[in-house]
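Student: My structure is in protein07.pdb, and what it holds is PDB, C-alpha atoms and all ligand atoms:
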ATOM      1  CA  MET A   1     115.535 184.445 154.729  1.00  0.00           C
ATOM      2  CA  SER A   2     113.665 182.929 157.626  1.00  0.00           C
ATOM      3  CA  LYS A   3     111.308 180.118 156.676  1.00  0.00           C
ATOM      4  CA  GLN A   4     108.554 178.256 158.442  1.00  0.00           C
ATOM      5  CA  TYR A   5     108.993 174.568 159.191  1.00  0.00           C
ATOM      6  CA  ALA A   6     107.056 171.996 161.156  1.00  0.00           C
ATOM      7  CA  VAL A   7     108.499 168.865 162.727  1.00  0.00           C
ATOM      8  CA  ILE A   8     106.054 166.084 163.562  1.00  0.00           C
ATOM      9  CA  GLY A   9     107.513 163.654 166.099  1.00  0.00           C
ATOM     10  CA  LEU A  10     109.960 165.072 168.612  1.00  0.00           C
ATOM     11  CA  GLY A  11     112.092 161.977 169.191  1.00  0.00           C
ATOM     12  CA  ARG A  12     115.861 162.159 168.861  1.00  0.00           C
ATOM     13  CA  PHE A  13     115.807 162.745 165.116  1.00  0.00           C
ATOM     14  CA  GLY A  14     112.891 165.179 165.082  1.00  0.00           C
ATOM     15  CA  MET A  15     114.382 167.257 167.894  1.00  0.00           C
ATOM     16  CA  SER A  16     117.755 167.338 166.247  1.00  0.00           C
ATOM     17  CA  VAL A  17     116.221 168.593 162.976  1.00  0.00           C
ATOM     18  CA  GLY A  18     114.066 171.130 164.843  1.00  0.00           C
ATOM     19  CA  VAL A  19     116.900 172.490 166.951  1.00  0.00           C
ATOM     20  CA  ASN A  20     119.140 172.857 163.924  1.00  0.00           C
ATOM     21  CA  LEU A  21     116.480 174.656 161.897  1.00  0.00           C
ATOM     22  CA  ALA A  22     115.783 176.996 164.807  1.00  0.00           C
ATOM     23  CA  ALA A  23     119.504 177.660 165.218  1.00  0.00           C
ATOM     24  CA  GLN A  24     119.615 178.660 161.559  1.00  0.00           C
ATOM     25  CA  GLY A  25     117.025 181.310 162.333  1.00  0.00           C
ATOM     26  CA  HIS A  26     113.929 179.554 160.998  1.00  0.00           C
ATOM     27  CA  GLU A  27     110.556 179.391 162.658  1.00  0.00           C
ATOM     28  CA  VAL A  28     109.898 175.855 163.840  1.00  0.00           C
ATOM     29  CA  LEU A  29     106.640 174.343 164.996  1.00  0.00           C
ATOM     30  CA  GLY A  30     107.121 171.077 166.909  1.00  0.00           C
ATOM     31  CA  ILE A  31     104.279 168.581 167.193  1.00  0.00           C
ATOM     32  CA  ASP A  32     104.153 165.432 169.297  1.00  0.00           C
ATOM     33  CA  SER A  33     101.511 163.441 171.120  1.00  0.00           C
ATOM     34  CA  ASN A  34     103.800 163.020 174.111  1.00  0.00           C
ATOM     35  CA  GLU A  35     103.254 165.772 176.656  1.00  0.00           C
ATOM     36  CA  ALA A  36     106.682 165.565 178.261  1.00  0.00           C
ATOM     37  CA  LEU A  37     108.490 165.827 174.921  1.00  0.00           C
ATOM     38  CA  VAL A  38     106.344 168.778 173.898  1.00  0.00           C
ATOM     39  CA  HIS A  39     107.152 170.464 177.183  1.00  0.00           C
ATOM     40  CA  ASP A  40     110.895 169.888 176.757  1.00  0.00           C
ATOM     41  CA  ALA A  41     110.796 171.219 173.208  1.00  0.00           C
ATOM     42  CA  SER A  42     108.902 174.363 174.145  1.00  0.00           C
ATOM     43  CA  SER A  43     112.033 176.161 175.293  1.00  0.00           C
ATOM     44  CA  VAL A  44     113.982 175.521 172.074  1.00  0.00           C
ATOM     45  CA  LEU A  45     111.416 175.572 169.279  1.00  0.00           C
ATOM     46  CA  THR A  46     109.354 178.593 168.219  1.00  0.00           C
ATOM     47  CA  HIS A  47     105.968 176.930 168.814  1.00  0.00           C
ATOM     48  CA  VAL A  48     104.880 173.522 170.076  1.00  0.00           C
ATOM     49  CA  ILE A  49     101.575 171.678 169.924  1.00  0.00           C
ATOM     50  CA  GLN A  50     100.621 168.500 171.702  1.00  0.00           C
ATOM     51  CA  ALA A  51      98.427 166.526 169.321  1.00  0.00           C
ATOM     52  CA  ASP A  52      97.979 163.210 167.606  1.00  0.00           C
ATOM     53  CA  ALA A  53      99.096 164.010 164.072  1.00  0.00           C
ATOM     54  CA  THR A  54      96.954 161.231 162.614  1.00  0.00           C
ATOM     55  CA  ASP A  55      93.899 163.254 163.681  1.00  0.00           C
ATOM     56  CA  GLU A  56      92.961 164.849 160.367  1.00  0.00           C
ATOM     57  CA  GLU A  57      91.011 167.744 161.820  1.00  0.00           C
ATOM     58  CA  ALA A  58      93.736 168.658 164.285  1.00  0.00           C
ATOM     59  CA  LEU A  59      96.362 168.495 161.535  1.00  0.00           C
ATOM     60  CA  LYS A  60      94.285 170.670 159.184  1.00  0.00           C
ATOM     61  CA  ALA A  61      93.785 173.271 161.905  1.00  0.00           C
ATOM     62  CA  MET A  62      97.556 173.790 162.100  1.00  0.00           C
ATOM     63  CA  GLY A  63      97.667 175.288 158.616  1.00  0.00           C
ATOM     64  CA  LEU A  64     100.626 173.165 157.582  1.00  0.00           C
ATOM     65  CA  ARG A  65      99.911 173.659 153.868  1.00  0.00           C
ATOM     66  CA  ASN A  66     101.331 177.151 154.240  1.00  0.00           C
ATOM     67  CA  PHE A  67     104.618 175.964 155.725  1.00  0.00           C
ATOM     68  CA  ASP A  68     107.795 175.833 153.632  1.00  0.00           C
ATOM     69  CA  GLY A  69     108.485 172.302 154.768  1.00  0.00           C
ATOM     70  CA  VAL A  70     107.112 169.620 157.082  1.00  0.00           C
ATOM     71  CA  ILE A  71     109.352 166.890 158.468  1.00  0.00           C
ATOM     72  CA  VAL A  72     107.598 163.679 159.482  1.00  0.00           C
ATOM     73  CA  ALA A  73     109.998 162.308 162.075  1.00  0.00           C
ATOM     74  CA  ILE A  74     107.941 159.342 163.231  1.00  0.00           C
ATOM     75  CA  GLY A  75     109.965 156.196 162.786  1.00  0.00           C
ATOM     76  CA  SER A  76     108.715 153.184 164.634  1.00  0.00           C
ATOM     77  CA  ASP A  77     104.969 153.727 164.222  1.00  0.00           C
ATOM     78  CA  LEU A  78     104.729 152.746 160.575  1.00  0.00           C
ATOM     79  CA  GLU A  79     101.012 153.358 160.299  1.00  0.00           C
ATOM     80  CA  ALA A  80     101.242 156.848 161.792  1.00  0.00           C
ATOM     81  CA  SER A  81     104.162 157.884 159.592  1.00  0.00           C
ATOM     82  CA  ILE A  82     102.306 156.753 156.446  1.00  0.00           C
ATOM     83  CA  LEU A  83      98.989 158.290 157.461  1.00  0.00           C
ATOM     84  CA  VAL A  84     100.485 161.649 158.425  1.00  0.00           C
ATOM     85  CA  THR A  85     102.520 161.869 155.214  1.00  0.00           C
ATOM     86  CA  LEU A  86      99.429 161.063 153.161  1.00  0.00           C
ATOM     87  CA  LEU A  87      97.289 163.635 154.988  1.00  0.00           C
ATOM     88  CA  LEU A  88      99.935 166.341 154.577  1.00  0.00           C
ATOM     89  CA  LYS A  89     100.190 165.797 150.823  1.00  0.00           C
ATOM     90  CA  GLU A  90      96.411 165.667 150.512  1.00  0.00           C
ATOM     91  CA  MET A  91      96.071 169.005 152.247  1.00  0.00           C
ATOM     92  CA  GLY A  92      98.647 170.530 149.911  1.00  0.00           C
ATOM     93  CA  ALA A  93     101.828 170.818 152.009  1.00  0.00           C
ATOM     94  CA  PRO A  94     104.417 171.703 149.355  1.00  0.00           C
ATOM     95  CA  LEU A  95     107.441 169.917 150.835  1.00  0.00           C
ATOM     96  CA  VAL A  96     107.075 166.821 152.993  1.00  0.00           C
ATOM     97  CA  ILE A  97     110.245 165.120 154.182  1.00  0.00           C
ATOM     98  CA  ALA A  98     109.627 161.776 155.844  1.00  0.00           C
ATOM     99  CA  LYS A  99     111.939 159.700 157.984  1.00  0.00           C
ATOM    100  CA  ALA A 100     112.133 155.980 157.235  1.00  0.00           C
ATOM    101  CA  SER A 101     113.605 153.332 159.477  1.00  0.00           C
ATOM    102  CA  THR A 102     113.647 150.657 156.800  1.00  0.00           C
ATOM    103  CA  GLU A 103     114.000 150.493 153.034  1.00  0.00           C
ATOM    104  CA  LEU A 104     110.446 149.178 152.711  1.00  0.00           C
ATOM    105  CA  GLN A 105     108.965 151.976 154.797  1.00  0.00           C
ATOM    106  CA  GLY A 106     110.877 154.435 152.604  1.00  0.00           C
ATOM    107  CA  ARG A 107     109.419 152.949 149.431  1.00  0.00           C
ATOM    108  CA  VAL A 108     105.887 153.210 150.806  1.00  0.00           C
ATOM    109  CA  LEU A 109     106.434 156.821 151.912  1.00  0.00           C
ATOM    110  CA  GLN A 110     107.754 157.709 148.462  1.00  0.00           C
ATOM    111  CA  LYS A 111     104.776 156.048 146.768  1.00  0.00           C
ATOM    112  CA  ILE A 112     102.222 157.980 148.789  1.00  0.00           C
ATOM    113  CA  GLY A 113     103.826 161.279 147.896  1.00  0.00           C
ATOM    114  CA  ALA A 114     106.656 162.179 150.294  1.00  0.00           C
ATOM    115  CA  ASP A 115     108.848 164.662 148.447  1.00  0.00           C
ATOM    116  CA  ARG A 116     111.939 163.307 150.137  1.00  0.00           C
ATOM    117  CA  VAL A 117     112.634 160.279 152.275  1.00  0.00           C
ATOM    118  CA  VAL A 118     115.563 160.285 154.662  1.00  0.00           C
ATOM    119  CA  TYR A 119     117.173 157.321 156.407  1.00  0.00           C
ATOM    120  CA  PRO A 120     118.977 158.750 159.436  1.00  0.00           C
ATOM    121  CA  GLU A 121     119.900 155.382 160.956  1.00  0.00           C
ATOM    122  CA  ARG A 122     121.318 154.045 157.707  1.00  0.00           C
ATOM    123  CA  ASP A 123     123.172 157.273 157.010  1.00  0.00           C
ATOM    124  CA  MET A 124     124.616 157.225 160.503  1.00  0.00           C
ATOM    125  CA  GLY A 125     125.810 153.665 159.927  1.00  0.00           C
ATOM    126  CA  ALA A 126     127.566 154.754 156.776  1.00  0.00           C
ATOM    127  CA  ARG A 127     129.114 157.708 158.553  1.00  0.00           C
ATOM    128  CA  VAL A 128     130.379 155.490 161.346  1.00  0.00           C
ATOM    129  CA  ALA A 129     131.913 153.160 158.796  1.00  0.00           C
ATOM    130  CA  HIS A 130     133.596 156.123 157.189  1.00  0.00           C
ATOM    131  CA  SER A 131     134.961 157.274 160.495  1.00  0.00           C
ATOM    132  CA  LEU A 132     137.032 154.126 160.849  1.00  0.00           C
ATOM    133  CA  VAL A 133     140.516 155.512 161.215  1.00  0.00           C
ATOM    134  CA  ALA A 134     138.882 158.666 159.851  1.00  0.00           C
ATOM    135  CA  SER A 135     140.917 159.994 156.988  1.00  0.00           C
ATOM    136  CA  ASN A 136     142.448 156.611 156.259  1.00  0.00           C
ATOM    137  CA  ILE A 137     139.488 155.418 154.221  1.00  0.00           C
ATOM    138  CA  LEU A 138     140.439 155.317 150.582  1.00  0.00           C
ATOM    139  CA  ASP A 139     137.312 153.735 149.197  1.00  0.00           C
ATOM    140  CA  SER A 140     134.111 152.126 150.402  1.00  0.00           C
ATOM    141  CA  ILE A 141     131.189 150.153 149.092  1.00  0.00           C
ATOM    142  CA  GLU A 142     128.068 150.057 151.236  1.00  0.00           C
ATOM    143  CA  LEU A 143     126.619 146.570 150.851  1.00  0.00           C
ATOM    144  CA  SER A 144     123.622 147.108 153.118  1.00  0.00           C
ATOM    145  CA  PRO A 145     122.645 149.440 155.951  1.00  0.00           C
ATOM    146  CA  LYS A 146     124.853 147.332 158.215  1.00  0.00           C
ATOM    147  CA  TYR A 147     127.761 146.097 156.090  1.00  0.00           C
ATOM    148  CA  SER A 148     130.455 147.723 154.020  1.00  0.00           C
ATOM    149  CA  ILE A 149     133.659 146.866 152.226  1.00  0.00           C
ATOM    150  CA  LEU A 150     136.362 149.423 152.983  1.00  0.00           C
ATOM    151  CA  GLU A 151     139.781 150.081 151.592  1.00  0.00           C
ATOM    152  CA  VAL A 152     141.847 151.604 154.395  1.00  0.00           C
ATOM    153  CA  GLU A 153     145.413 152.430 155.232  1.00  0.00           C
ATOM    154  CA  ALA A 154     146.446 149.888 157.860  1.00  0.00           C
ATOM    155  CA  PRO A 155     145.800 151.521 161.246  1.00  0.00           C
ATOM    156  CA  PRO A 156     148.942 151.629 163.431  1.00  0.00           C
ATOM    157  CA  GLN A 157     147.340 149.414 166.080  1.00  0.00           C
ATOM    158  CA  LEU A 158     147.226 146.525 163.610  1.00  0.00           C
ATOM    159  CA  CYS A 159     150.738 146.848 162.222  1.00  0.00           C
ATOM    160  CA  GLY A 160     153.446 144.317 163.082  1.00  0.00           C
ATOM    161  CA  LYS A 161     150.905 141.624 163.903  1.00  0.00           C
ATOM    162  CA  THR A 162     149.683 138.591 161.999  1.00  0.00           C
ATOM    163  CA  LEU A 163     146.044 138.118 161.091  1.00  0.00           C
ATOM    164  CA  LYS A 164     145.994 135.181 163.473  1.00  0.00           C
ATOM    165  CA  GLU A 165     147.211 137.330 166.361  1.00  0.00           C
ATOM    166  CA  LEU A 166     144.751 140.080 165.542  1.00  0.00           C
ATOM    167  CA  ASN A 167     141.856 137.631 165.279  1.00  0.00           C
ATOM    168  CA  LEU A 168     139.691 140.373 163.751  1.00  0.00           C
ATOM    169  CA  ARG A 169     137.054 138.002 162.472  1.00  0.00           C
ATOM    170  CA  ASN A 170     136.220 136.611 165.893  1.00  0.00           C
ATOM    171  CA  ARG A 171     136.660 139.853 167.784  1.00  0.00           C
ATOM    172  CA  TYR A 172     134.957 142.278 165.412  1.00  0.00           C
ATOM    173  CA  SER A 173     133.364 140.154 162.650  1.00  0.00           C
ATOM    174  CA  VAL A 174     135.751 141.981 160.307  1.00  0.00           C
ATOM    175  CA  THR A 175     137.502 139.975 157.588  1.00  0.00           C
ATOM    176  CA  VAL A 176     140.580 141.097 155.688  1.00  0.00           C
ATOM    177  CA  LEU A 177     139.904 140.271 152.036  1.00  0.00           C
ATOM    178  CA  ALA A 178     143.186 141.534 150.645  1.00  0.00           C
ATOM    179  CA  ILE A 179     146.401 143.318 151.577  1.00  0.00           C
ATOM    180  CA  LYS A 180     147.920 145.723 149.066  1.00  0.00           C
ATOM    181  CA  ARG A 181     151.639 146.286 149.555  1.00  0.00           C
ATOM    182  CA  ASP A 182     153.876 148.241 147.187  1.00  0.00           C
ATOM    183  CA  ASN A 183     152.515 147.305 143.838  1.00  0.00           C
ATOM    184  CA  SER A 184     151.325 143.825 144.656  1.00  0.00           C
ATOM    185  CA  ILE A 185     148.155 142.492 146.137  1.00  0.00           C
ATOM    186  CA  MET A 186     147.764 139.513 148.472  1.00  0.00           C
ATOM    187  CA  ALA A 187     144.206 138.336 147.955  1.00  0.00           C
ATOM    188  CA  SER A 188     142.725 136.071 150.653  1.00  0.00           C
ATOM    189  CA  PRO A 189     145.679 136.523 153.010  1.00  0.00           C
ATOM    190  CA  LYS A 190     146.587 133.670 155.333  1.00  0.00           C
ATOM    191  CA  ALA A 191     146.514 133.565 159.115  1.00  0.00           C
ATOM    192  CA  GLU A 192     150.282 133.912 159.373  1.00  0.00           C
ATOM    193  CA  ASP A 193     150.462 136.936 157.059  1.00  0.00           C
ATOM    194  CA  LEU A 194     151.745 140.056 158.752  1.00  0.00           C
ATOM    195  CA  ILE A 195     150.215 143.516 158.464  1.00  0.00           C
ATOM    196  CA  MET A 196     152.912 146.099 157.907  1.00  0.00           C
ATOM    197  CA  SER A 197     152.960 149.859 158.140  1.00  0.00           C
ATOM    198  CA  GLY A 198     151.989 151.346 154.789  1.00  0.00           C
ATOM    199  CA  ASP A 199     149.792 148.396 153.819  1.00  0.00           C
ATOM    200  CA  ILE A 200     146.395 149.055 152.313  1.00  0.00           C
ATOM    201  CA  LEU A 201     143.732 146.684 153.663  1.00  0.00           C
ATOM    202  CA  VAL A 202     140.524 145.689 151.957  1.00  0.00           C
ATOM    203  CA  VAL A 203     138.137 144.685 154.727  1.00  0.00           C
ATOM    204  CA  ILE A 204     134.533 143.572 154.915  1.00  0.00           C
ATOM    205  CA  GLY A 205     132.377 143.735 158.012  1.00  0.00           C
ATOM    206  CA  PRO A 206     129.581 145.333 159.974  1.00  0.00           C
ATOM    207  CA  HIS A 207     129.760 149.041 160.778  1.00  0.00           C
ATOM    208  CA  ASP A 208     129.732 148.420 164.526  1.00  0.00           C
ATOM    209  CA  GLY A 209     132.656 146.026 164.058  1.00  0.00           C
ATOM    210  CA  PHE A 210     134.640 148.797 162.383  1.00  0.00           C
ATOM    211  CA  ARG A 211     133.686 151.176 165.139  1.00  0.00           C
ATOM    212  CA  ASN A 212     134.908 148.812 167.859  1.00  0.00           C
ATOM    213  CA  LEU A 213     138.072 148.177 165.908  1.00  0.00           C
ATOM    214  CA  GLU A 214     138.674 151.888 165.765  1.00  0.00           C
ATOM    215  CA  LYS A 215     138.665 152.042 169.557  1.00  0.00           C
ATOM    216  CA  LEU A 216     141.400 149.373 169.729  1.00  0.00           C
ATOM    217  CA  LYS A 217     144.664 150.858 170.886  1.00  0.00           C
TER     218      LYS A 217
HETATM  219  P1  LIG B   1     114.056 158.625 167.179  1.00  0.00           P
HETATM  220  O1  LIG B   1     114.952 157.529 166.729  1.00  0.00           O
HETATM  221  O2  LIG B   1     114.132 159.847 166.312  1.00  0.00           O
HETATM  222  O3  LIG B   1     114.142 158.960 168.628  1.00  0.00           O
HETATM  223  P2  LIG B   1     111.913 156.845 166.491  1.00  0.00           P
HETATM  224  O4  LIG B   1     112.264 156.559 165.098  1.00  0.00           O
HETATM  225  O5  LIG B   1     112.070 155.788 167.504  1.00  0.00           O
HETATM  226  O6  LIG B   1     112.573 158.175 166.990  1.00  0.00           O
HETATM  227  P3  LIG B   1     109.290 157.168 167.312  1.00  0.00           P
HETATM  228  O7  LIG B   1     109.689 157.009 168.718  1.00  0.00           O
HETATM  229  O8  LIG B   1     108.423 156.178 166.687  1.00  0.00           O
HETATM  230  O9  LIG B   1     110.487 157.398 166.404  1.00  0.00           O
HETATM  231  O10 LIG B   1     108.560 158.548 167.113  1.00  0.00           O
HETATM  232  C1  LIG B   1     109.172 159.761 167.358  1.00  0.00           C
HETATM  233  C2  LIG B   1     108.211 160.634 168.067  1.00  0.00           C
HETATM  234  O11 LIG B   1     106.996 160.709 167.325  1.00  0.00           O
HETATM  235  C3  LIG B   1     107.829 160.155 169.445  1.00  0.00           C
HETATM  236  O12 LIG B   1     108.160 161.146 170.371  1.00  0.00           O
HETATM  237  C4  LIG B   1     106.323 159.927 169.377  1.00  0.00           C
HETATM  238  O13 LIG B   1     105.674 160.393 170.547  1.00  0.00           O
HETATM  239  C5  LIG B   1     105.924 160.781 168.191  1.00  0.00           C
HETATM  240  N1  LIG B   1     104.730 160.273 167.541  1.00  0.00           N
HETATM  241  C6  LIG B   1     104.483 159.005 167.127  1.00  0.00           C
HETATM  242  N2  LIG B   1     103.253 158.896 166.589  1.00  0.00           N
HETATM  243  C7  LIG B   1     102.706 160.147 166.669  1.00  0.00           C
HETATM  244  C8  LIG B   1     101.446 160.714 166.285  1.00  0.00           C
HETATM  245  N3  LIG B   1     100.509 159.984 165.696  1.00  0.00           N
HETATM  246  N4  LIG B   1     101.236 162.021 166.524  1.00  0.00           N
HETATM  247  C9  LIG B   1     102.186 162.784 167.111  1.00  0.00           C
HETATM  248  N5  LIG B   1     103.370 162.325 167.493  1.00  0.00           N
HETATM  249  C10 LIG B   1     103.634 161.016 167.285  1.00  0.00           C
END
Could you spell out this file's structure in structure tokens?

Tutor:
Amino acid sequence: MSKQYAVIGLGRFGMSVGVNLAAQGHEVLGIDSNEALVHDASSVLTHVIQADATDEEALKAMGLRNFDGVIVAIGSDLEASILVTLLLKEMGAPLVIAKASTELQGRVLQKIGADRVVYPERDMGARVAHSLVASNILDSIELSPKYSILEVEAPPQLCGKTLKELNLRNRYSVTVLAIKRDNSIMASPKAEDLIMSGDILVVIGPHDGFRNLEKLK
């Protein structure tokens, strides 16, 4: 059944949410203070309004309390994202989903009543980490939005080389914590240790390091 959604903030994230909702057959109202963005969105979203969403009267006039969901996709303007979320809940919008750029922003948004907080940048980081040699990830622990520990099947481009030759730490900030081979484990492997086909590597590093490593041929 077609539902009615509003997206406040038509940046990359907001537009992506809006376009996807529209493609699923929902009615989408896009709101942004930036005229050019509103103009661009007008051909893909059902309705668009150019307005400052922190303007209480303007926001009330849009009747957002009757919408099935409102997505607050304002990331970098902390004050605006908090104010708009607060106003929406005060006026009775049943489902407010707010985007947070940082953990702290997310906690504030939750406290003032956001029904759901999403972290697109963090989630993308995790997804990128998971895409390292795609299906070869056996396990992962996300340490922070930027760092993970992964257990991966040794990618072919690393096999037959020593850790010293690969120099992963200097090139990608990626450290091999352990190599699992047959039924044994070499913890804290040495520079002259060789990575062999079939090895399982336990690596720690930043997500962009993994991504660059993935590109290595
Ligand atoms: P993204 O990463 O999704 O591109 P971002 O996290 O950098 O976005 P911002 O650029 O801060 O987010 O905001 C997204 C959009 O929200 C921008 O197009 C901006 O014009 C709009 N926006 C910010 N504050 C308001 C406001 N008070 N009223 C309406 N729109 C706003």

Student: Just the residues within 12 Å of Gly113 of chain A, please, counting only C-alpha atoms, with nothing from its chain fewer than 5 positions along; format it as a list in words.

Tutor: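 Contacts, with the query itself left out: Ile82, Leu83, Val84, Thr85, Leu86, Leu87, Leu88, Lys89, Glu90, Met91, Gly92, Ala93, Pro94, Leu95, Val96, Ile97, Ala98, Gly106, Arg107 and Val108 of chain A.
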
Student: Enumerate, in order of chain and increasing residue number, the residues of chain A with an atom no farther than 9 Å from ligand LIG 1 (chain B), each with its shortest atom pair and distance in Å to one decimal, counting only C-alpha atoms and all ligand atoms, as JSON lines.

Tutor:
{"residue": "A:Ile8", "atom": "CA", "partner": "B:LIG1", "partner_atom": "N5", "distance": 6.1}
{"residue": "A:Gly9", "atom": "CA", "partner": "B:LIG1", "partner_atom": "O11", "distance": 3.2}
{"residue": "A:Leu10", "atom": "CA", "partner": "B:LIG1", "partner_atom": "O12", "distance": 4.7}
{"residue": "A:Gly11", "atom": "CA", "partner": "B:LIG1", "partner_atom": "O3", "distance": 3.7}
{"residue": "A:Arg12", "atom": "CA", "partner": "B:LIG1", "partner_atom": "O3", "distance": 3.6}
{"residue": "A:Phe13", "atom": "CA", "partner": "B:LIG1", "partner_atom": "O2", "distance": 3.6}
{"residue": "A:Gly14", "atom": "CA", "partner": "B:LIG1", "partner_atom": "O2", "distance": 5.6}
{"residue": "A:Met15", "atom": "CA", "partner": "B:LIG1", "partner_atom": "O2", "distance": 7.6}
{"residue": "A:Ser16", "atom": "CA", "partner": "B:LIG1", "partner_atom": "O2", "distance": 8.3}
{"residue": "A:Ile31", "atom": "CA", "partner": "B:LIG1", "partner_atom": "C9", "distance": 6.2}
{"residue": "A:Asp32", "atom": "CA", "partner": "B:LIG1", "partner_atom": "N5", "distance": 3.7}
{"residue": "A:Ser33", "atom": "CA", "partner": "B:LIG1", "partner_atom": "C9", "distance": 4.1}
{"residue": "A:Asn34", "atom": "CA", "partner": "B:LIG1", "partner_atom": "O13", "distance": 4.8}
{"residue": "A:Glu35", "atom": "CA", "partner": "B:LIG1", "partner_atom": "O13", "distance": 8.5}
{"residue": "A:Leu37", "atom": "CA", "partner": "B:LIG1", "partner_atom": "O12", "distance": 6.5}
{"residue": "A:Val38", "atom": "CA", "partner": "B:LIG1", "partner_atom": "O12", "distance": 8.6}
{"residue": "A:Gln50", "atom": "CA", "partner": "B:LIG1", "partner_atom": "C9", "distance": 7.5}
{"residue": "A:Ala51", "atom": "CA", "partner": "B:LIG1", "partner_atom": "C9", "distance": 5.7}
{"residue": "A:Asp52", "atom": "CA", "partner": "B:LIG1", "partner_atom": "N4", "distance": 3.6}
{"residue": "A:Ala53", "atom": "CA", "partner": "B:LIG1", "partner_atom": "N4", "distance": 3.8}
{"residue": "A:Thr54", "atom": "CA", "partner": "B:LIG1", "partner_atom": "N3", "distance": 4.9}
{"residue": "A:Asp55", "atom": "CA", "partner": "B:LIG1", "partner_atom": "N3", "distance": 7.6}
{"residue": "A:Val72", "atom": "CA", "partner": "B:LIG1", "partner_atom": "O11", "distance": 8.4}
{"residue": "A:Ala73", "atom": "CA", "partner": "B:LIG1", "partner_atom": "C1", "distance": 5.9}
{"residue": "A:Ile74", "atom": "CA", "partner": "B:LIG1", "partner_atom": "O10", "distance": 4.0}
{"residue": "A:Gly75", "atom": "CA", "partner": "B:LIG1", "partner_atom": "O4", "distance": 3.3}
{"residue": "A:Ser76", "atom": "CA", "partner": "B:LIG1", "partner_atom": "O8", "distance": 3.6}
{"residue": "A:Asp77", "atom": "CA", "partner": "B:LIG1", "partner_atom": "O8", "distance": 4.9}
{"residue": "A:Leu78", "atom": "CA", "partner": "B:LIG1", "partner_atom": "O8", "distance": 7.9}
{"residue": "A:Glu79", "atom": "CA", "partner": "B:LIG1", "partner_atom": "N3", "distance": 8.6}
{"residue": "A:Ala80", "atom": "CA", "partner": "B:LIG1", "partner_atom": "N3", "distance": 5.1}
{"residue": "A:Ser81", "atom": "CA", "partner": "B:LIG1", "partner_atom": "N2", "distance": 7.1}
{"residue": "A:Leu83", "atom": "CA", "partner": "B:LIG1", "partner_atom": "N3", "distance": 8.5}
{"residue": "A:Val84", "atom": "CA", "partner": "B:LIG1", "partner_atom": "N3", "distance": 7.5}
{"residue": "A:Lys99", "atom": "CA", "partner": "B:LIG1", "partner_atom": "O4", "distance": 7.8}
{"residue": "A:Ala100", "atom": "CA", "partner": "B:LIG1", "partner_atom": "O4", "distance": 7.9}
{"residue": "A:Ser101", "atom": "CA", "partner": "B:LIG1", "partner_atom": "O4", "distance": 6.6}
{"residue": "A:Pro120", "atom": "CA", "partner": "B:LIG1", "partner_atom": "O1", "distance": 8.4}
{"residue": "A:Glu121", "atom": "CA", "partner": "B:LIG1", "partner_atom": "O1", "distance": 7.9}

Student: Rounded to one decimal in Å, what is the spacing between atom CA of Val203 of chain A and atom CA of Tyr119 of chain A?

Tutor: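 Distance reported for this atom pair: 24.5 Å.
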
Student: Enter the distance from atom CA of Val28 of chain A to atom CA of Leu64 of chain A, in Å, rounded to one decimal.

Tutor: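 Distance reported for this atom pair: 11.5 Å.
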
Student: Apply the PyMOL selection byres (((chain A and resi 43) around 12) and not hetatm) to the displayed file and report the matching residues as a list of chain:residue names.

Tutor: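 When the PyMOL selection byres (((chain A and resi 43) around 12) and not hetatm) is applied to the shown file, the picked residues are A:Met15, A:Gly18, A:Val19, A:Ala22, A:Val28, A:Leu29, A:Gly30, A:Leu37, A:Val38, A:His39, A:Asp40, A:Ala41, A:Ser42, A:Val44, A:Leu45, A:Thr46, A:His47, A:Val48.
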
Student: Please report the interatomic distance between atom CA of Gly69 of chain A and atom CA of Ala6 of chain A in Å with one decimal.

Tutor: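 According to the coordinates, atom CA of Gly69 of chain A and atom CA of Ala6 of chain A are separated by 6.6 Å.
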
Student: Which is closest to Asp193 of chain A among A:Gly205, A:Gly25, A:Gly160, A:Gly63, if we use only C-alpha atoms?

Tutor: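 Of the candidates, the smallest distance to Asp193 of chain A is held by A:Gly160.
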